[in-house]
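Down below is the structure, laid out as structure tokens.
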Amino acid sequence: MRVGLPPALANPEVLRVQSAGGVLYLKAFEPFETQRVRVQDVESGDVLLLDLSGREGASSEEILVVDSREASPARASASPGSSAGSSGAQASEASRPSAQASSGDAQRATATPVPVLLTRHAAQSLYAPQRTIEPLRGVSRVPMRLPKSLNTLLPSLPVTATPLGAWRLDGWTVTAVKLENNDRQRAFELDPRWLQGEFYSATFMHPYLAPRGSVEDTTTVFLVTRDGLDRALIPLEETDKAEEGAS
């Protein structure tokens with residue numbers, strides 16, 4: 001999903017925007033007046049216009065979840081342990097393009113590739129409230145068989161990569177890995193070409209990592225592989241040889 005924010009909401013300290021697997025998560029950290037936000041489904045081109053506002057005491061902890069396949073956003077309380085701000089994010093559907101035929105929507109949902117379904121499910125399982133997680137028939141949580149830190153995943157960046165969980169469906173596996181910036185001075189844009197391994201797809205929840213100590217110094221990448229991630233990573237000795245050759 002693609003999001004167009006007005007200048008008043010472009011500051012991540014006011015509104016945090018996360019997009020993964022066709023689901024958009026919005027969380028307010030400060031109150032703000034009603035603003036028009038444009039959300040577009042990249043695959044279909046459908047546009048959803050939201051009047052978004054944030055106010056103190058809207059809920060104890062609240063996250064706005066927008067699913068690209070739903071006609072309107074669903075608001076749900078944040079899961080326990082999340083770091084939601086004191087301001088709630090509320091939205092009303094301002095306008096929507098003409099309704100498509102229901103048979104066309106069903107056909108598009110059926111044709112959704114398994115890696116996309118897995119990535120969406122993993123993101124919801126980790127970050128969405130439990131009651132908003134969409135059921136996915138046949139998916140199962142699987143052991144990762146990985147070390148606590150994946151040193152060879154992004155060897156060119158000062159990043160700590162920590163595996164969080166893995167899910168499997170129809171021969172595909174998605175593994176969620178937390179990325180933390182260890183550099184207190186520099187920010188990094190995240191490029192999937194920097195990842196070392198044999199992956200079918202890689203989806204970052206944020207496009208960059210801010211310097212260590214800021215609210216945006218951590219994100220999550222969802223890696224889809226045919227086998228487990230342990231078989232897709234490049235061994236440490238091969239990474240060392242590649243770096244020596246480059247130098």
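Chain labels run A, B, ... following the order of the structure tokens; each chain numbers its residues from 1, and ligands are numbered from 1 in the order shown.
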Inset, instruction - For Ser214 of chain A, list every protein, DNA or RNA residue within 12 Å, evaluated using only C-alpha atoms, and leave out those in the same chain fewer than 2 positions away; present the list as JSON, numbers by chain. - result: {"A": [12, 13, 180, 181, 182, 183, 184, 185, 186, 187, 209, 210, 211, 212, 216, 217, 218, 219]}
Inset, instruction - Excluding Pro135 of chain A and any residue of its chain fewer than 5 positions from it, enumerate the residues within 12 Å of it, using only C-alpha atoms, and give them as an NGL selection string. - result: :A and (117-118 or 120-122 or 124-125 or 130 or 140)
Would you mind exporting the chosen residues as a short mmCIF file (atom, residue, chain, number, x, y, z; two decimals), in the first residue's frame, restricted to N, CA and C atoms?
```cif
data_model
loop_
_atom_site.label_atom_id
_atom_site.label_comp_id
_atom_site.auth_asym_id
_atom_site.auth_seq_id
_atom_site.Cartn_x
_atom_site.Cartn_y
_atom_site.Cartn_z
N LEU A 117 0.45 -13.77 1.22
CA LEU A 117 -0.41 -14.16 2.33
C LEU A 117 0.40 -14.43 3.59
N LEU A 118 1.54 -15.10 3.44
CA LEU A 118 2.38 -15.42 4.58
C LEU A 118 2.96 -14.16 5.22
N ARG A 120 1.77 -11.11 5.10
CA ARG A 120 0.69 -10.40 5.78
C ARG A 120 0.35 -11.05 7.11
N HIS A 121 0.28 -12.38 7.11
CA HIS A 121 -0.07 -13.10 8.34
C HIS A 121 1.01 -12.91 9.41
N ALA A 122 2.27 -12.95 9.01
CA ALA A 122 3.36 -12.79 9.97
C ALA A 122 3.34 -11.38 10.58
N GLN A 124 0.75 -9.36 10.88
CA GLN A 124 -0.40 -9.26 11.77
C GLN A 124 -0.16 -10.01 13.08
N SER A 125 0.45 -11.18 12.98
CA SER A 125 0.69 -12.00 14.17
C SER A 125 1.61 -11.29 15.16
N GLN A 130 -4.80 -9.15 18.57
CA GLN A 130 -5.12 -10.55 18.33
C GLN A 130 -6.44 -10.73 17.60
N SER A 140 1.09 -22.56 9.79
CA SER A 140 1.51 -23.07 11.09
C SER A 140 2.80 -22.37 11.51
#
```
Inset, instruction - May I ask which of the residues A:Val39, A:Leu9, A:Val14, A:Met144 is the closest one to Thr162 of chain A, counting only C-alpha atoms? - result: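 The closest residue to Thr162 of chain A is A:Met144.
The nearest approach to Leu49 of chain A among the residues A:Lys27, A:Arg231, A:Arg2, A:Arg131, with only C-alpha atoms taken into account, belongs to A:Arg2.
Of the residues under consideration (A:Thr112, A:Thr173, A:Thr119, A:Gln196), A:Thr173 shows the shortest atom-to-atom contact distance to Val142 of chain A when counting only C-alpha atoms.
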Would you mind listing what lies within 8 Å of Gly165 of chain A as a tab-separated table (two decimals) with N, CA and C atoms, in the first residue's frame, with only C-alpha atoms counted and same-chain residues fewer than 6 positions away left out?
```tsv
chain	number	residue	atom	x	y	z
A	141	ARG	N	2.95	-22.16	12.80
A	141	ARG	CA	4.20	-21.60	13.36
A	141	ARG	C	5.23	-22.73	13.38
A	142	VAL	N	6.45	-22.46	12.94
A	142	VAL	CA	7.48	-23.49	12.84
A	142	VAL	C	8.73	-23.03	13.57
A	143	PRO	N	9.54	-23.99	14.06
A	143	PRO	CA	10.80	-23.63	14.71
A	143	PRO	C	11.77	-23.01	13.71
A	144	MET	N	12.60	-22.07	14.17
A	144	MET	CA	13.49	-21.35	13.26
A	144	MET	C	14.86	-22.01	13.10
A	175	THR	N	10.07	-15.75	7.60
A	175	THR	CA	10.73	-15.53	8.88
A	175	THR	C	10.82	-14.04	9.15
A	176	ALA	N	10.36	-13.62	10.31
A	176	ALA	CA	10.44	-12.23	10.71
A	176	ALA	C	11.74	-12.00	11.47
A	177	VAL	N	12.48	-10.97	11.05
A	177	VAL	CA	13.78	-10.66	11.67
A	177	VAL	C	13.79	-9.20	12.09
```
